[in-house]
Protein chains: 2
Amino acid sequence: MKKTKRERLEASGWKVGTVAEFLELTPEESALIEIKLALSRELRERRQKRMTQAQLAEKIQSSQSRVAKAETGHGSVSLELLVRAMLATGASPKEIGKVIAGGQK
Amino acid sequence: MKKTKRERLEASGWKVGTVAEFLELTPEESALIEIKLALSRELRERRQKRMTQAQLAEKIQSSQSRVAKAETGHGSVSLELLVRAMLATGASPKEIGKVIAGGQK
DNA sequence: TGTCATCATGTCAGATTCGACATATAGTTA
DNA sequence: TAACTATATGTCGAATCTGACATGATGACA
């Protein structure tokens, strides 16, 4: 029977796991990061349908570079900026809540 | 017929409206504030059932005073800290999403 | 009464996040 | 080819938010 990739890598000295495991994140830290990434993805989705990054930036009195960072999940972007940007695309709190809830059971 | 409080106040020179109107907040700004306040209220609710402010503070590597400010809706508390605190009470992203969605249609 | 536990509030130096700007990359159109 | 538009990335000084600490208020219990 063929070994899995995980087994083969571990046999050769590697430990394989999720990014969260590698970075030794607690479940809470992982959840926060996933919330932010989900918002990033949804922000891009919504924004692209409606306007350019520069236009969104103006609406939230920010800059194009910051919007780009928000959409690419750059670590320097706060949850607050992500939510402000979502609201500026016309997203309702209900829609934002749904994104944060994610695919979760 | 009895005048409403609003009519009486306006007749005497007052303009009466919501806090948002008084502060001249855009709908987006109002929505963000309501999201933060909803999280504050829910945080207190959940935290009280499980632990003291000092215990929660330790879990998120913060301080009792900051938790107190989070629960009282102090303006200096970020959305991120509110969400981290919620997660530390055991709230799932789904539950957090529900709080953010609020009573909204 | 005094002590203890819990929470609220103010301050502050340090850390984080901010908007702005420069610049690079990529796609489009002429 | 050049010019233009949209986006990505790095830097930086300023603004915001941080944890820590001190202290006050309140209630419970001896």
# chains A, B, ... in the order shown; residues from 1 in each chain; ligands from 1
>>> residues_around(residues="A:Gly75", least_positions_apart="6", cutoff="10 Å", atoms="only C-alpha atoms (C1' of nucleotides)", output="PyMOL selection string")
chain A and resi 33+36-37+69
>>> residues_around(residues="D:DA28", least_positions_apart="5", cutoff="12 Å", atoms="only C-alpha atoms (C1' of nucleotides)", output="PyMOL selection string")
chain C and resi 3-6
>>> residues_around(residues="D:DT16", least_positions_apart="5", cutoff="10 Å", atoms="only C-alpha atoms (C1' of nucleotides)", output="ChimeraX atom specification")
/B:76,78 /C:16-18
>>> residues_around(residues="D:DC21", least_positions_apart="5", cutoff="12 Å", atoms="only C-alpha atoms (C1' of nucleotides)", output="list in words")
Ser63, Gln64, Ser65 and Arg66 of chain B; DG10, DT11, DC12 and DA13 of chain C
>>> residues_around(residues="stretch 42-56 of chain A", least_positions_apart="3", cutoff="9 Å", atoms="only C-alpha atoms (C1' of nucleotides)", output="list in words")
Leu37, Ala38, Leu39, Lys59, Ile60, Gln61, Ser62, Ser63, Gln64, Ser65, Arg66, Val67, Ala68, Ala70, Glu71, Thr72, Leu82, Val83, Ala85, Met86, Ala88, Thr89, Gly90, Ala91 and Val99 of chain A; DA6 and DT7 of chain D
>>> select_by_dssp(residues="stretch 6-75 of chain B", states="alpha helix (DSSP H)", output="mmCIF file with C-alpha atoms, in the first residue's frame")
data_model
loop_
_atom_site.group_PDB
_atom_site.id
_atom_site.type_symbol
_atom_site.label_atom_id
_atom_site.label_comp_id
_atom_site.auth_asym_id
_atom_site.auth_seq_id
_atom_site.Cartn_x
_atom_site.Cartn_y
_atom_site.Cartn_z
ATOM 1 C CA ARG B 6 -39.783 65.565 20.308
ATOM 2 C CA GLU B 7 -42.284 68.202 19.307
ATOM 3 C CA ARG B 8 -42.051 69.950 22.623
ATOM 4 C CA LEU B 9 -38.287 70.028 22.559
ATOM 5 C CA GLU B 10 -38.130 71.205 18.982
ATOM 6 C CA ALA B 11 -40.673 73.901 19.687
ATOM 7 C CA VAL B 19 -27.003 60.005 18.558
ATOM 8 C CA ALA B 20 -25.810 59.227 15.053
ATOM 9 C CA GLU B 21 -27.548 62.337 13.728
ATOM 10 C CA PHE B 22 -26.151 64.482 16.494
ATOM 11 C CA PRO B 27 -24.695 55.075 7.990
ATOM 12 C CA GLU B 28 -21.416 53.175 7.671
ATOM 13 C CA GLU B 29 -19.955 54.844 10.722
ATOM 14 C CA SER B 30 -23.115 54.107 12.674
ATOM 15 C CA ALA B 31 -23.073 50.494 11.599
ATOM 16 C CA LEU B 32 -19.495 50.061 12.748
ATOM 17 C CA ILE B 33 -20.257 51.569 16.138
ATOM 18 C CA GLU B 34 -23.288 49.364 16.542
ATOM 19 C CA ILE B 35 -21.230 46.315 15.683
ATOM 20 C CA LYS B 36 -18.715 47.214 18.351
ATOM 21 C CA LEU B 37 -21.384 47.916 20.952
ATOM 22 C CA ALA B 38 -23.160 44.659 20.205
ATOM 23 C CA LEU B 39 -19.893 42.815 20.730
ATOM 24 C CA SER B 40 -19.278 44.697 23.980
ATOM 25 C CA ARG B 41 -22.654 43.698 25.359
ATOM 26 C CA GLU B 42 -22.313 40.098 24.294
ATOM 27 C CA LEU B 43 -18.790 39.910 25.632
ATOM 28 C CA ARG B 44 -19.919 40.988 29.087
ATOM 29 C CA GLU B 45 -22.790 38.529 28.987
ATOM 30 C CA ARG B 46 -20.574 35.597 28.063
ATOM 31 C CA ARG B 47 -17.651 36.529 30.250
ATOM 32 C CA GLN B 48 -19.750 36.927 33.401
ATOM 33 C CA LYS B 49 -21.009 33.385 33.056
ATOM 34 C CA ARG B 50 -17.501 31.984 32.973
ATOM 35 C CA GLN B 53 -12.315 40.230 33.931
ATOM 36 C CA ALA B 54 -8.870 39.475 35.311
ATOM 37 C CA GLN B 55 -9.085 35.858 34.215
ATOM 38 C CA LEU B 56 -10.183 36.777 30.724
ATOM 39 C CA ALA B 57 -7.415 39.355 30.537
ATOM 40 C CA GLU B 58 -4.857 36.683 31.278
ATOM 41 C CA LYS B 59 -6.203 34.446 28.537
ATOM 42 C CA GLN B 64 -8.208 43.792 33.577
ATOM 43 C CA SER B 65 -8.584 47.462 32.806
ATOM 44 C CA ARG B 66 -8.624 46.802 29.096
ATOM 45 C CA VAL B 67 -11.275 44.116 29.465
ATOM 46 C CA ALA B 68 -13.362 46.536 31.516
ATOM 47 C CA LYS B 69 -13.051 49.109 28.742
ATOM 48 C CA ALA B 70 -13.974 46.510 26.128
ATOM 49 C CA GLU B 71 -17.134 45.656 28.022
#
>>> closest_atom_pairs(of="chain C", to="chain B", cutoff="9 Å", atoms="only C-alpha atoms (C1' of nucleotides)", output="Markdown table")
| residue | atom | partner | partner_atom | distance |
| --- | --- | --- | --- | --- |
| C:DT6 | C1' | B:Thr52 | CA | 7.6 |
| C:DC7 | C1' | B:Ala68 | CA | 6.9 |
| C:DA8 | C1' | B:Ala68 | CA | 6.9 |
| C:DT9 | C1' | B:Ser65 | CA | 8.4 |
>>> write_last_selection(atoms="N, CA and C atoms (P, O5', C5', C4', C3', O3' and C1' of nucleotides)", output="PDB file, in the first residue's frame")
ATOM      1  P    DT C   6     -12.789  37.740  42.469  1.00  0.00           P
ATOM      2  O5'  DT C   6     -13.513  38.977  41.763  1.00  0.00           O
ATOM      3  C5'  DT C   6     -14.896  39.218  41.998  1.00  0.00           C
ATOM      4  C4'  DT C   6     -15.282  40.568  41.443  1.00  0.00           C
ATOM      5  C3'  DT C   6     -14.769  40.837  40.017  1.00  0.00           C
ATOM      6  O3'  DT C   6     -15.872  40.891  39.139  1.00  0.00           O
ATOM      7  C1'  DT C   6     -14.517  42.737  41.462  1.00  0.00           C
ATOM      8  P    DC C   7     -15.705  41.034  37.593  1.00  0.00           P
ATOM      9  O5'  DC C   7     -15.779  42.628  37.396  1.00  0.00           O
ATOM     10  C5'  DC C   7     -16.967  43.300  37.811  1.00  0.00           C
ATOM     11  C4'  DC C   7     -16.764  44.794  37.793  1.00  0.00           C
ATOM     12  C3'  DC C   7     -16.304  45.380  36.443  1.00  0.00           C
ATOM     13  O3'  DC C   7     -17.215  46.405  36.072  1.00  0.00           O
ATOM     14  C1'  DC C   7     -14.997  46.229  38.220  1.00  0.00           C
ATOM     15  P    DA C   8     -17.042  47.225  34.747  1.00  0.00           P
ATOM     16  O5'  DA C   8     -16.472  48.621  35.272  1.00  0.00           O
ATOM     17  C5'  DA C   8     -17.280  49.422  36.126  1.00  0.00           C
ATOM     18  C4'  DA C   8     -16.655  50.798  36.314  1.00  0.00           C
ATOM     19  C3'  DA C   8     -16.273  51.529  35.029  1.00  0.00           C
ATOM     20  O3'  DA C   8     -16.655  52.899  35.183  1.00  0.00           O
ATOM     21  C1'  DA C   8     -14.346  51.268  36.397  1.00  0.00           C
ATOM     22  P    DT C   9     -16.585  53.874  33.958  1.00  0.00           P
ATOM     23  O5'  DT C   9     -15.192  54.631  34.191  1.00  0.00           O
ATOM     24  C5'  DT C   9     -14.968  55.279  35.429  1.00  0.00           C
ATOM     25  C4'  DT C   9     -13.567  55.866  35.451  1.00  0.00           C
ATOM     26  C3'  DT C   9     -13.068  56.437  34.120  1.00  0.00           C
ATOM     27  O3'  DT C   9     -12.505  57.708  34.385  1.00  0.00           O
ATOM     28  C1'  DT C   9     -11.460  55.014  35.032  1.00  0.00           C
TER      29       DT C   9
END
>>> atom_distance(atom1="atom C1' of C:DG27", atom2="atom C1' of D:DT1")
15.6 Å
>>> interface_residues(of="chain D", to="chain B", cutoff="8 Å", atoms="only C-alpha atoms (C1' of nucleotides)", output="JSON, numbers by chain")
{"D": [17, 19, 20]}
>>> atom_distance(atom1="atom CA of B:Leu79", atom2="atom CA of A:Gly73")
16.8 Å
>>> interface_residues(of="chain B", to="chain A", cutoff="7 Å", atoms="only C-alpha atoms", output="ChimeraX atom specification")
/B:28,79-80,87-88,93-94,96-98,100-102,104
>>> atom_distance(atom1="atom C1' of C:DA15", atom2="atom C1' of D:DT23")
25.1 Å
>>> residues_around(residues="C:DT29", least_positions_apart="6", cutoff="12 Å", atoms="only C-alpha atoms (C1' of nucleotides)", output="PyMOL selection string")
chain D and resi 2-5
>>> write_last_selection(atoms="C-alpha atoms (C1' of nucleotides)", output="PDB file, in the first residue's frame")
ATOM      1  C1'  DA D   2       4.351  54.613 -25.817  1.00  0.00           C
ATOM      2  C1'  DA D   3       0.706  56.002 -22.823  1.00  0.00           C
ATOM      3  C1'  DC D   4      -2.690  54.877 -19.571  1.00  0.00           C
ATOM      4  C1'  DT D   5      -5.164  52.217 -15.921  1.00  0.00           C
TER       5       DT D   5
END
